[in-house]
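A.B. asks: Data file run.pdb (PDB, C-alpha atoms) is appended below.
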ATOM      1  CA  MET A  61       4.429  10.067 -24.376
ATOM      2  CA  THR A  62       0.801   9.387 -23.538
ATOM      3  CA  HIS A  63      -2.105  11.036 -25.325
ATOM      4  CA  ASP A  64      -2.544  13.550 -22.480
ATOM      5  CA  GLU A  65       1.158  14.395 -22.443
ATOM      6  CA  ILE A  66       1.119  14.978 -26.194
ATOM      7  CA  ARG A  67      -1.994  17.157 -25.807
ATOM      8  CA  ASP A  68      -0.113  19.239 -23.224
ATOM      9  CA  SER A  69       2.781  19.618 -25.685
ATOM     10  CA  LEU A  70       0.676  21.046 -28.539
ATOM     11  CA  PRO A  71       1.214  24.718 -27.523
ATOM     12  CA  ALA A  72       4.960  24.157 -27.599
ATOM     13  CA  LEU A  73       4.670  22.386 -30.968
ATOM     14  CA  ALA A  74       2.721  25.305 -32.465
ATOM     15  CA  LEU A  75       5.376  27.678 -31.123
ATOM     16  CA  GLY A  76       8.271  25.558 -32.450
ATOM     17  CA  ALA A  77       9.646  25.083 -28.939
ATOM     18  CA  LEU A  78      10.061  21.277 -28.948
ATOM     19  CA  ASP A  79      13.385  19.559 -29.510
ATOM     20  CA  PRO A  80      13.613  17.384 -32.656
ATOM     21  CA  ALA A  81      12.898  14.076 -30.887
ATOM     22  CA  GLU A  82       9.821  15.433 -29.050
ATOM     23  CA  ARG A  83       8.615  17.208 -32.197
ATOM     24  CA  ALA A  84       8.839  13.994 -34.245
ATOM     25  CA  GLU A  85       6.861  12.027 -31.642
ATOM     26  CA  VAL A  86       4.160  14.684 -31.296
ATOM     27  CA  VAL A  87       3.866  15.215 -35.081
ATOM     28  CA  ALA A  88       3.460  11.467 -35.627
ATOM     29  CA  HIS A  89       0.643  11.324 -33.067
ATOM     30  CA  VAL A  90      -1.161  14.407 -34.425
ATOM     31  CA  ALA A  91      -1.177  12.874 -37.902
ATOM     32  CA  THR A  92      -3.334  10.000 -36.592
ATOM     33  CA  CYS A  93      -5.475  11.806 -33.985
ATOM     34  CA  GLU A  94      -8.396  14.011 -35.055
ATOM     35  CA  ALA A  95      -8.782  15.524 -31.573
ATOM     36  CA  CYS A  96      -5.149  16.585 -31.398
ATOM     37  CA  THR A  97      -5.254  17.896 -34.994
ATOM     38  CA  ALA A  98      -8.191  20.139 -34.075
ATOM     39  CA  ALA A  99      -6.460  21.248 -30.868
ATOM     40  CA  LEU A 100      -3.269  22.055 -32.786
ATOM     41  CA  ALA A 101      -5.263  24.232 -35.168
ATOM     42  CA  VAL A 102      -6.540  26.248 -32.214
ATOM     43  CA  GLU A 103      -3.024  26.633 -30.799
ATOM     44  CA  ALA A 104      -1.749  27.749 -34.204
ATOM     45  CA  ARG A 105      -4.388  30.487 -34.422
ATOM     46  CA  ILE A 106      -3.378  31.668 -30.946
ATOM     47  CA  VAL A 107       0.261  31.790 -32.031
ATOM     48  CA  GLU A 108      -0.689  33.966 -35.029
ATOM     49  CA  GLY A 109      -2.038  36.628 -32.702
ATOM     50  CA  ILE A 110       0.926  36.763 -30.326
ATOM     51  CA  GLY A 111       2.433  40.257 -30.327
ATOM     52  CA  LEU A 112      -0.032  41.879 -32.728
ATOM     53  CA  ASP A 113      -1.547  44.156 -30.106
ATOM     54  CA  GLY A 114       1.674  45.327 -28.407
ATOM     55  CA  PRO A 115       3.840  48.303 -29.376
ATOM     56  CA  PRO A 116       6.923  47.607 -31.551
ATOM     57  CA  VAL A 117      10.042  46.695 -29.535
ATOM     58  CA  THR A 118      13.580  46.401 -30.827
ATOM     59  CA  PRO A 119      15.106  43.135 -29.524
ATOM     60  CA  PRO A 120      18.648  43.131 -28.104
ATOM     61  CA  ALA A 121      21.427  42.208 -30.524
ATOM     62  CA  ALA A 122      22.253  39.010 -28.589
ATOM     63  CA  LEU A 123      18.637  37.835 -28.759
ATOM     64  CA  ARG A 124      18.476  38.619 -32.470
ATOM     65  CA  SER A 125      21.507  36.411 -33.188
ATOM     66  CA  LYS A 126      19.994  33.531 -31.146
ATOM     67  CA  VAL A 127      16.673  33.903 -32.946
ATOM     68  CA  LEU A 128      18.298  33.852 -36.379
ATOM     69  CA  ALA A 129      20.281  30.743 -35.398
ATOM     70  CA  ARG A 130      17.042  29.085 -34.262
ATOM     71  CA  ILE A 131      15.401  29.952 -37.582
ATOM     72  CA  GLN A 132      18.225  28.244 -39.483
ATOM     73  CA  ALA A 133      17.863  25.133 -37.298
ATOM     74  CA  MET A 134      14.075  25.058 -37.750
ATOM     75  CA  ARG A 135      14.418  25.040 -41.546
ATOM     76  CA  ALA A 136      16.190  21.682 -41.304
ATOM     77  CA  GLU A 137      13.488  20.132 -39.066
ATOM     78  CA  PRO A 138      10.479  18.143 -40.389
ATOM     79  CA  GLN A 139       7.442  20.265 -41.117
ATOM     80  CA  LEU A 140       4.168  20.000 -39.230
ATOM     81  CA  PRO A 141       1.377  17.994 -40.827
ATOM     82  CA  PRO A 142      -0.960  20.178 -42.864
ATOM     83  CA  VAL A 143      -3.540  21.908 -40.696
ATOM     84  CA  SER A 144      -6.416  24.018 -41.923
ATOM     85  CA  LEU A 145      -6.032  27.467 -40.324
ATOM     86  CA  ALA A 146      -7.719  30.827 -40.640
ATOM     87  CA  PRO A 147      -6.100  33.287 -43.144
ATOM     88  CA  PRO A 148      -3.005  34.986 -41.628
ATOM     89  CA  ARG A 149      -3.326  38.476 -40.280
ATOM     90  CA  ALA A 150      -1.091  41.387 -41.233
ATOM     91  CA  ALA A 151       2.656  40.660 -41.518
ATOM     92  CA  TRP A 152       4.823  41.620 -38.598
ATOM     93  CA  SER A 153       8.455  41.666 -37.590
ATOM     94  CA  GLY A 154       9.782  38.103 -38.003
ATOM     95  CA  GLY A 155      12.528  38.426 -35.397
ATOM     96  CA  LEU A 156      10.292  39.872 -32.676
ATOM     97  CA  ALA A 157       7.459  37.434 -33.421
ATOM     98  CA  LEU A 158       9.763  34.455 -33.124
ATOM     99  CA  ALA A 159      11.291  35.817 -29.919
ATOM    100  CA  ALA A 160       7.844  36.200 -28.395
ATOM    101  CA  SER A 161       6.898  32.732 -29.633
ATOM    102  CA  LEU A 162       9.955  31.207 -27.992
ATOM    103  CA  ILE A 163       9.179  32.929 -24.687
ATOM    104  CA  VAL A 164       5.543  31.818 -24.701
ATOM    105  CA  GLY A 165       6.566  28.354 -25.854
ATOM    106  CA  ALA A 166       9.021  27.997 -23.011
ATOM    107  CA  ALA A 167       6.328  29.072 -20.563
ATOM    108  CA  ALA A 168       3.884  26.554 -22.049
ATOM    109  CA  VAL A 169       6.396  23.727 -21.803
ATOM    110  CA  PHE A 170       7.231  24.675 -18.209
ATOM    111  CA  TYR A 171       3.538  24.814 -17.302
ATOM    112  CA  ALA A 172       2.867  21.395 -18.860
ATOM    113  CA  TYR A 173       5.874  19.906 -17.051
ATOM    114  CA  THR A 174       4.741  21.434 -13.749
ATOM    115  CA  MET A 175       1.231  20.037 -14.171
ATOM    116  CA  ARG A 176       2.567  16.548 -14.916
ATOM    117  CA  THR A 177       4.898  16.725 -11.897
ATOM    118  CA  GLU A 178       2.089  17.844  -9.582
ATOM    119  CA  LEU A 179      -0.210  15.118 -10.925
ATOM    120  CA  SER A 180       2.449  12.461 -10.302
ATOM    121  CA  ALA A 181       2.988  13.775  -6.773
ATOM    122  CA  LEU A 182      -0.761  13.751  -6.144
ATOM    123  CA  ARG A 183      -1.067  10.143  -7.336
ATOM    124  CA  ALA A 184       1.866   9.098  -5.137
ATOM    125  CA  SER A 185       0.300  10.890  -2.170
ATOM    126  CA  SER A 186      -3.039   9.161  -2.788
ATOM    127  CA  ALA A 187      -1.355   5.754  -2.937
ATOM    128  CA  ALA A 188       0.523   6.471   0.308
ATOM    129  CA  SER A 189      -2.712   7.590   1.972
ATOM    130  CA  ALA A 190      -4.459   4.384   0.893
ATOM    131  CA  GLN A 191      -1.609   2.275   2.294
ATOM    132  CA  GLU A 192      -1.717   4.183   5.581
ATOM    133  CA  ALA A 193      -5.500   3.700   5.830
ATOM    134  CA  THR A 194      -5.069  -0.047   5.251
ATOM    135  CA  ARG A 195      -2.369  -0.224   7.932
ATOM    136  CA  LEU A 196      -4.562   1.636  10.421
ATOM    137  CA  ARG A 197      -7.530  -0.664   9.736
ATOM    138  CA  GLN A 198      -5.300  -3.688  10.383
ATOM    139  CA  GLU A 199      -4.093  -2.149  13.643
ATOM    140  CA  VAL A 200      -7.691  -1.514  14.741
ATOM    141  CA  VAL A 201      -8.577  -5.158  14.036
ATOM    142  CA  THR A 202      -5.553  -6.316  16.049
ATOM    143  CA  LEU A 203      -6.386  -4.000  18.958
ATOM    144  CA  ARG A 204      -9.985  -5.208  19.037
ATOM    145  CA  ARG A 205      -8.861  -8.843  19.092
ATOM    146  CA  ASP A 206      -6.342  -8.127  21.854
ATOM    147  CA  TRP A 207      -9.000  -6.283  23.845
ATOM    148  CA  VAL A 208     -11.410  -9.214  23.568
ATOM    149  CA  ASN A 209      -8.698 -11.636  24.720
ATOM    150  CA  LEU A 210      -7.680  -9.381  27.623
ATOM    151  CA  THR A 211     -11.299  -8.958  28.743
ATOM    152  CA  ARG A 212     -11.857 -12.711  28.615
ATOM    153  CA  ALA A 213      -8.660 -13.346  30.573
ATOM    154  CA  MET A 214      -9.712 -10.917  33.313
ATOM    155  CA  ASP A 215     -13.127 -12.561  33.518
ATOM    156  CA  VAL A 216     -11.485 -15.971  33.948
ATOM    157  CA  LEU A 217      -9.150 -14.772  36.684
ATOM    158  CA  ARG A 218     -12.060 -13.210  38.623
ATOM    159  CA  ALA A 219     -14.367 -16.232  38.243
ATOM    160  CA  PRO A 220     -15.704 -17.793  41.482
ATOM    161  CA  ASP A 221     -15.189 -21.355  40.172
ATOM    162  CA  LEU A 222     -11.575 -20.873  39.121
ATOM    163  CA  LEU A 223      -9.204 -23.845  38.739
ATOM    164  CA  ARG A 224      -5.463 -23.562  38.199
ATOM    165  CA  ALA A 225      -2.919 -26.009  36.839
ATOM    166  CA  ASP A 226       0.851 -25.573  36.668
ATOM    167  CA  LEU A 227       2.229 -27.538  33.714
ATOM    168  CA  SER A 228       5.815 -28.788  33.579
ATOM    169  CA  GLY A 229       7.892 -29.771  30.574
ATOM    170  CA  GLN A 230       8.310 -33.435  29.689
ATOM    171  CA  ALA A 231      11.184 -35.281  28.010
ATOM    172  CA  LEU A 232      10.811 -33.494  24.681
ATOM    173  CA  ALA A 233      10.885 -30.041  26.302
ATOM    174  CA  PRO A 234      12.258 -30.262  29.855
ATOM    175  CA  GLY A 235      12.651 -26.486  30.118
ATOM    176  CA  ALA A 236       9.103 -25.642  29.025
ATOM    177  CA  ILE A 237       6.575 -24.304  31.532
ATOM    178  CA  GLY A 238       2.870 -23.492  31.390
ATOM    179  CA  ARG A 239      -0.099 -22.444  33.470
ATOM    180  CA  ALA A 240      -3.815 -22.941  32.852
ATOM    181  CA  PHE A 241      -6.818 -21.226  34.441
ATOM    182  CA  TRP A 242     -10.255 -22.761  33.907
ATOM    183  CA  SER A 243     -13.794 -21.614  34.745
ATOM    184  CA  GLU A 244     -16.968 -23.159  33.448
ATOM    185  CA  LYS A 245     -18.628 -19.751  33.625
ATOM    186  CA  ALA A 246     -15.833 -17.503  32.300
ATOM    187  CA  GLY A 247     -13.712 -19.718  30.053
ATOM    188  CA  LEU A 248     -10.129 -20.951  29.745
ATOM    189  CA  LEU A 249      -6.849 -19.064  29.892
ATOM    190  CA  PHE A 250      -3.534 -20.758  29.105
ATOM    191  CA  ALA A 251       0.023 -19.427  28.763
ATOM    192  CA  ALA A 252       3.311 -21.218  28.096
ATOM    193  CA  ASP A 253       6.960 -20.328  27.649
ATOM    194  CA  ARG A 254      10.220 -21.931  26.449
ATOM    195  CA  LEU A 255       8.414 -24.187  23.994
ATOM    196  CA  PRO A 256      10.600 -25.757  21.285
ATOM    197  CA  ALA A 257      10.108 -24.597  17.695
ATOM    198  CA  LEU A 258       7.791 -26.786  15.647
ATOM    199  CA  THR A 259       8.661 -28.619  12.460
ATOM    200  CA  ALA A 260       6.663 -27.853   9.324
ATOM    201  CA  GLY A 261       3.141 -29.249   9.293
ATOM    202  CA  HIS A 262       2.708 -29.389  13.087
ATOM    203  CA  VAL A 263       1.042 -27.377  15.866
ATOM    204  CA  TYR A 264       0.741 -27.566  19.624
ATOM    205  CA  GLN A 265      -2.671 -28.696  20.937
ATOM    206  CA  LEU A 266      -4.041 -28.000  24.421
ATOM    207  CA  TRP A 267      -6.204 -30.601  26.185
ATOM    208  CA  THR A 268      -8.432 -30.643  29.251
ATOM    209  CA  ILE A 269      -8.343 -34.095  30.896
ATOM    210  CA  THR A 270     -11.154 -35.481  33.045
ATOM    211  CA  GLY A 271     -10.544 -39.042  34.152
ATOM    212  CA  LYS A 272      -9.268 -40.743  31.018
ATOM    213  CA  ALA A 273     -11.139 -38.472  28.580
ATOM    214  CA  ALA A 274      -9.247 -35.679  26.861
ATOM    215  CA  THR A 275     -11.043 -32.753  25.171
ATOM    216  CA  SER A 276      -9.334 -30.334  22.808
ATOM    217  CA  ALA A 277      -9.122 -26.731  24.015
ATOM    218  CA  GLY A 278      -7.517 -25.379  20.846
ATOM    219  CA  VAL A 279      -4.328 -25.394  18.799
ATOM    220  CA  PHE A 280      -1.555 -22.798  18.818
ATOM    221  CA  THR A 281       1.912 -21.954  17.530
ATOM    222  CA  PRO A 282       4.479 -20.209  19.776
ATOM    223  CA  ASP A 283       6.388 -17.124  18.708
ATOM    224  CA  ALA A 284      10.125 -17.084  18.005
ATOM    225  CA  SER A 285      10.922 -16.940  21.739
ATOM    226  CA  GLY A 286       8.803 -20.026  22.490
ATOM    227  CA  ALA A 287       5.959 -18.113  24.178
ATOM    228  CA  ALA A 288       2.261 -18.728  23.467
ATOM    229  CA  SER A 289      -1.165 -18.066  24.936
ATOM    230  CA  VAL A 290      -4.680 -19.421  24.399
ATOM    231  CA  THR A 291      -8.087 -18.139  25.474
ATOM    232  CA  ALA A 292     -11.194 -20.219  24.842
ATOM    233  CA  ILE A 293     -14.855 -20.514  25.772
ATOM    234  CA  VAL A 294     -15.826 -23.491  27.971
ATOM    235  CA  ALA A 295     -18.969 -25.318  26.877
ATOM    236  CA  ALA A 296     -21.871 -25.124  29.315
ATOM    237  CA  GLY A 297     -21.953 -28.205  31.511
ATOM    238  CA  ALA A 298     -18.361 -29.164  30.709
ATOM    239  CA  PRO A 299     -16.841 -31.419  33.395
ATOM    240  CA  ARG A 300     -14.228 -29.933  35.673
ATOM    241  CA  PRO A 301     -10.805 -31.027  34.352
ATOM    242  CA  ASP A 302      -8.485 -33.055  36.544
ATOM    243  CA  ALA A 303      -5.438 -32.064  34.505
ATOM    244  CA  PHE A 304      -4.229 -30.214  31.422
ATOM    245  CA  GLY A 305      -1.801 -31.360  28.756
ATOM    246  CA  VAL A 306      -0.124 -30.132  25.588
ATOM    247  CA  THR A 307       0.888 -32.374  22.696
ATOM    248  CA  ILE A 308       2.338 -31.889  19.231
ATOM    249  CA  GLU A 309      -0.205 -32.676  16.518
ATOM    250  CA  PRO A 310      -0.523 -32.334  12.732
ATOM    251  CA  THR A 311      -1.608 -28.914  11.462
ATOM    252  CA  GLY A 312      -5.315 -28.441  12.208
ATOM    253  CA  GLY A 313      -5.202 -30.576  15.350
ATOM    254  CA  SER A 314      -6.296 -34.115  16.190
ATOM    255  CA  PRO A 315      -9.580 -35.494  17.595
ATOM    256  CA  ALA A 316      -7.614 -37.243  20.353
ATOM    257  CA  PRO A 317      -4.112 -36.670  21.779
ATOM    258  CA  THR A 318      -1.137 -38.344  20.186
ATOM    259  CA  MET A 319       2.424 -38.449  21.368
ATOM    260  CA  PRO A 320       4.633 -36.754  22.200
ATOM    261  CA  ILE A 321       3.384 -34.998  25.332
ATOM    262  CA  VAL A 322       5.187 -31.690  25.849
ATOM    263  CA  LEU A 323       3.500 -30.241  28.953
ATOM    264  CA  VAL A 324       1.263 -31.740  31.647
ATOM    265  CA  GLY A 325      -0.087 -30.620  35.028
ATOM    266  CA  THR A 326      -2.872 -31.460  37.496
ATOM    267  CA  SER A 327      -5.650 -29.079  38.483
ATOM    268  CA  GLN A 328      -6.166 -27.503  41.874
ATOM    269  CA  ILE A 329      -9.013 -25.373  43.117
ATOM    270  CA  GLU A 330      -7.910 -21.737  43.078
ATOM    271  CA  ARG A 331     -11.197 -20.347  44.337
ATOM    272  CA  PRO A 332     -14.231 -22.257  45.689
ATOM    273  CA  ARG A 333     -17.543 -21.937  43.968
TER     274      ARG A 333
END
What is this file in structure tokens?
C.D. replies:
Amino acid sequence: MTHDEIRDSLPALALGALDPAERAEVVAHVATCEACTAALAVEARIVEGIGLDGPPVTPPAALRSKVLARIQAMRAEPQLPPVSLAPPRAAWSGGLALAASLIVGAAAVFYAYTMRTELSALRASSAASAQEATRLRQEVVTLRRDWVNLTRAMDVLRAPDLLRADLSGQALAPGAIGRAFWSEKAGLLFAADRLPALTAGHVYQLWTITGKAATSAGVFTPDASGAASVTAIVAAGAPRPDAFGVTIEPTGGSPAPTMPIVLVGTSQIERPR
């Protein structure tokens, strides 16, 4: 038991309501802890006063036999460590006093157990609340990112200088398809489907091609179904691309395209300036 759990058990120890194993553990701790020794002394003085102010009551015969059996068992148990207590008050009926002590002790043990249970439940609830808050924050971040991408895509599709390119799969991925939308003012939007899964250490890289010059437009990894999308900002003054291409590159991308080419398609004016 922890220090706090032992402290909660002191009323039951003073009342003799602990089982032998619990009693031994608590007694061993009290012998080395000044705070618990002082607290036990207080509990012992409280126990001395139990029943002194009430009218005499004759206990039932069944209770008397149980009490006497408990007394015999307690004589065989280890004794509490010596504690300095106030002088005892007037003697009173041993059977009734012990019966009252057992009742109060049981209540004290039940109360301590209830408090520990409620504390554990509260800690578990707090941990669950923290996890839920973390999950909600992550969802908010994802929603904000998706909103930014959606807004950018709509701006591209409404741009007055819009270009479009339909990309077709090459030898490595004959079933792959893609489409790119480009606007110097609004940015770049690209989507692809049926892309083959990548091997470890590789990514797909999107290129804008003007004449013989290729400029990277970003790297991406498709999902399990082979679908992917890219949105990007176009640098001011960037030349209008004649075509778009997708290659497989090492993780992080390459400064210039390398083979193999997966998708390629030429540009066409979707909307005049």
A.B. asks: Provide the atom CA of A:Ala316 to atom CA of A:Ala284 distance in Å, to one decimal place.
C.D. replies: 27.0 Å
A.B. asks: Could you check the closest approach to A:Ala257 for each of A:Ala303, A:Ile308, A:Phe241, A:Ala231 and tell me which residue wins, using all atoms listed in the file?
C.D. replies: A:Ile308
A.B. asks: Taking 6 positions as the minimum chain separation for residues in the same chain, which residues sit within 10 Å of A:Lys245 when counting only C-alpha atoms? Answer as a short mmCIF file (atom, residue, chain, number, x, y, z; two decimals) with C-alpha atoms, keeping the file's coordinate frame.
C.D. replies:
data_model
loop_
_atom_site.label_atom_id
_atom_site.label_comp_id
_atom_site.auth_asym_id
_atom_site.auth_seq_id
_atom_site.Cartn_x
_atom_site.Cartn_y
_atom_site.Cartn_z
CA ASP A 215 -13.13 -12.56 33.52
CA VAL A 216 -11.48 -15.97 33.95
CA ALA A 219 -14.37 -16.23 38.24
CA PRO A 220 -15.70 -17.79 41.48
CA ASP A 221 -15.19 -21.36 40.17
CA LEU A 222 -11.58 -20.87 39.12
CA ILE A 293 -14.86 -20.51 25.77
CA VAL A 294 -15.83 -23.49 27.97
CA ALA A 295 -18.97 -25.32 26.88
CA ALA A 296 -21.87 -25.12 29.32
CA GLY A 297 -21.95 -28.20 31.51
CA ALA A 298 -18.36 -29.16 30.71
#
A.B. asks: Find, counting only C-alpha atoms, the residue in A:Arg183, A:Thr92, A:Glu192, A:Asp253 that gets nearest to A:Ser285.
C.D. replies: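 Residue with the minimum atom-to-atom distance to A:Ser285: A:Asp253.
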A.B. asks: I want to know what sits within 10 Å of A:Gly271, based on only C-alpha atoms, with residues of the same chain fewer than 5 positions away left out; could you give that as a short mmCIF file (atom, residue, chain, number, x, y, z; two decimals) with C-alpha atoms, in the coordinates of the input?
C.D. replies:
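The result, stored in part.cif:
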data_model
loop_
_atom_site.label_atom_id
_atom_site.label_comp_id
_atom_site.auth_asym_id
_atom_site.auth_seq_id
_atom_site.Cartn_x
_atom_site.Cartn_y
_atom_site.Cartn_z
CA PRO A 299 -16.84 -31.42 33.40
CA ARG A 300 -14.23 -29.93 35.67
CA PRO A 301 -10.80 -31.03 34.35
CA ASP A 302 -8.48 -33.06 36.54
CA ALA A 303 -5.44 -32.06 34.51
#
A.B. asks: Please measure the separation of atom CA of A:Glu94 and atom CA of A:Thr177, giving the value in Å to one decimal.
C.D. replies: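 Atom CA of A:Thr177 lies 26.8 Å from atom CA of A:Glu94.
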A.B. asks: List every protein, DNA or RNA residue that has an atom no more than 10 Å from (-3.3, -21.8, 17.3) in the file's coordinate frame, counting only C-alpha atoms, and report them as a list in words.
C.D. replies: Val263, Tyr264, Gln265, Leu266, Gly278, Val279, Phe280, Thr281, Pro282, Ala288, Ser289, Val290, Thr311, Gly312 and Gly313 of chain A
A.B. asks: Mind giving me the straight-line distance from atom CA of A:Leu249 to atom CA of A:Thr291 in Å, one decimal?
C.D. replies: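 Atom CA of A:Thr291 lies at a distance of 4.7 Å from atom CA of A:Leu249.
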A.B. asks: With the PyMOL selection byres ((chain A and resi 268) around 7) as the selection, what would be picked from this file? Answer as a short mmCIF file (atom, residue, chain, number, x, y, z; two decimals) with C-alpha atoms, in the coordinates of the input, please.
C.D. replies:
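The new file result-v4.cif reads:
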data_model
loop_
_atom_site.label_atom_id
_atom_site.label_comp_id
_atom_site.auth_asym_id
_atom_site.auth_seq_id
_atom_site.Cartn_x
_atom_site.Cartn_y
_atom_site.Cartn_z
CA TRP A 267 -6.20 -30.60 26.18
CA ILE A 269 -8.34 -34.10 30.90
CA THR A 270 -11.15 -35.48 33.04
CA ALA A 274 -9.25 -35.68 26.86
CA THR A 275 -11.04 -32.75 25.17
CA SER A 276 -9.33 -30.33 22.81
CA ALA A 277 -9.12 -26.73 24.02
CA PRO A 301 -10.80 -31.03 34.35
CA ALA A 303 -5.44 -32.06 34.51
CA PHE A 304 -4.23 -30.21 31.42
CA GLY A 305 -1.80 -31.36 28.76
#
A.B. asks: For A:Val306, which residue out of A:Ala273, A:Ile329, A:Thr259, A:Ala252 is the nearest one, using only C-alpha atoms?
C.D. replies: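 Smallest separation from A:Val306 among the options: A:Ala252.
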A.B. asks: Written as an mmCIF file with C-alpha atoms, keeping the file's coordinate frame, which residues does the PyMOL selection byres ((chain A and resi 66) around 12) give for the file shown?
C.D. replies:
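Generated output (selection_37.cif):
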data_model
loop_
_atom_site.group_PDB
_atom_site.id
_atom_site.type_symbol
_atom_site.label_atom_id
_atom_site.label_comp_id
_atom_site.auth_asym_id
_atom_site.auth_seq_id
_atom_site.Cartn_x
_atom_site.Cartn_y
_atom_site.Cartn_z
ATOM 1 C CA MET A 61 4.429 10.067 -24.376
ATOM 2 C CA THR A 62 0.801 9.387 -23.538
ATOM 3 C CA HIS A 63 -2.105 11.036 -25.325
ATOM 4 C CA ASP A 64 -2.544 13.550 -22.480
ATOM 5 C CA GLU A 65 1.158 14.395 -22.443
ATOM 6 C CA ARG A 67 -1.994 17.157 -25.807
ATOM 7 C CA ASP A 68 -0.113 19.239 -23.224
ATOM 8 C CA SER A 69 2.781 19.618 -25.685
ATOM 9 C CA LEU A 70 0.676 21.046 -28.539
ATOM 10 C CA PRO A 71 1.214 24.718 -27.523
ATOM 11 C CA ALA A 72 4.960 24.157 -27.599
ATOM 12 C CA LEU A 73 4.670 22.386 -30.968
ATOM 13 C CA LEU A 78 10.061 21.277 -28.948
ATOM 14 C CA GLU A 82 9.821 15.433 -29.050
ATOM 15 C CA ARG A 83 8.615 17.208 -32.197
ATOM 16 C CA ALA A 84 8.839 13.994 -34.245
ATOM 17 C CA GLU A 85 6.861 12.027 -31.642
ATOM 18 C CA VAL A 86 4.160 14.684 -31.296
ATOM 19 C CA VAL A 87 3.866 15.215 -35.081
ATOM 20 C CA ALA A 88 3.460 11.467 -35.627
ATOM 21 C CA HIS A 89 0.643 11.324 -33.067
ATOM 22 C CA VAL A 90 -1.161 14.407 -34.425
ATOM 23 C CA CYS A 93 -5.475 11.806 -33.985
ATOM 24 C CA ALA A 95 -8.782 15.524 -31.573
ATOM 25 C CA CYS A 96 -5.149 16.585 -31.398
ATOM 26 C CA THR A 97 -5.254 17.896 -34.994
ATOM 27 C CA ALA A 99 -6.460 21.248 -30.868
ATOM 28 C CA LEU A 100 -3.269 22.055 -32.786
ATOM 29 C CA VAL A 169 6.396 23.727 -21.803
ATOM 30 C CA ALA A 172 2.867 21.395 -18.860
ATOM 31 C CA TYR A 173 5.874 19.906 -17.051
ATOM 32 C CA ARG A 176 2.567 16.548 -14.916
#
A.B. asks: Specify as a list in words each residue included when the PyMOL selection byres ((chain A and resi 229) around 12) is applied to this file.
C.D. replies: Asp226, Leu227, Ser228, Gln230, Ala231, Leu232, Ala233, Pro234, Gly235, Ala236, Ile237, Gly238, Arg239, Ala252, Asp253, Arg254, Leu255, Pro256, Gly305, Val306, Thr307, Pro320, Ile321, Val322, Leu323, Val324 and Gly325 of chain A
A.B. asks: Mind giving me the axis-aligned box for stretch 218-233 of chain A with 6 Å on every side, centre plus edges in Å to one decimal, as JSON?
C.D. replies:
{"center_x": -2.3, "center_y": -24.2, "center_z": 33.1, "size_x": 38.9, "size_y": 34.1, "size_z": 28.8}
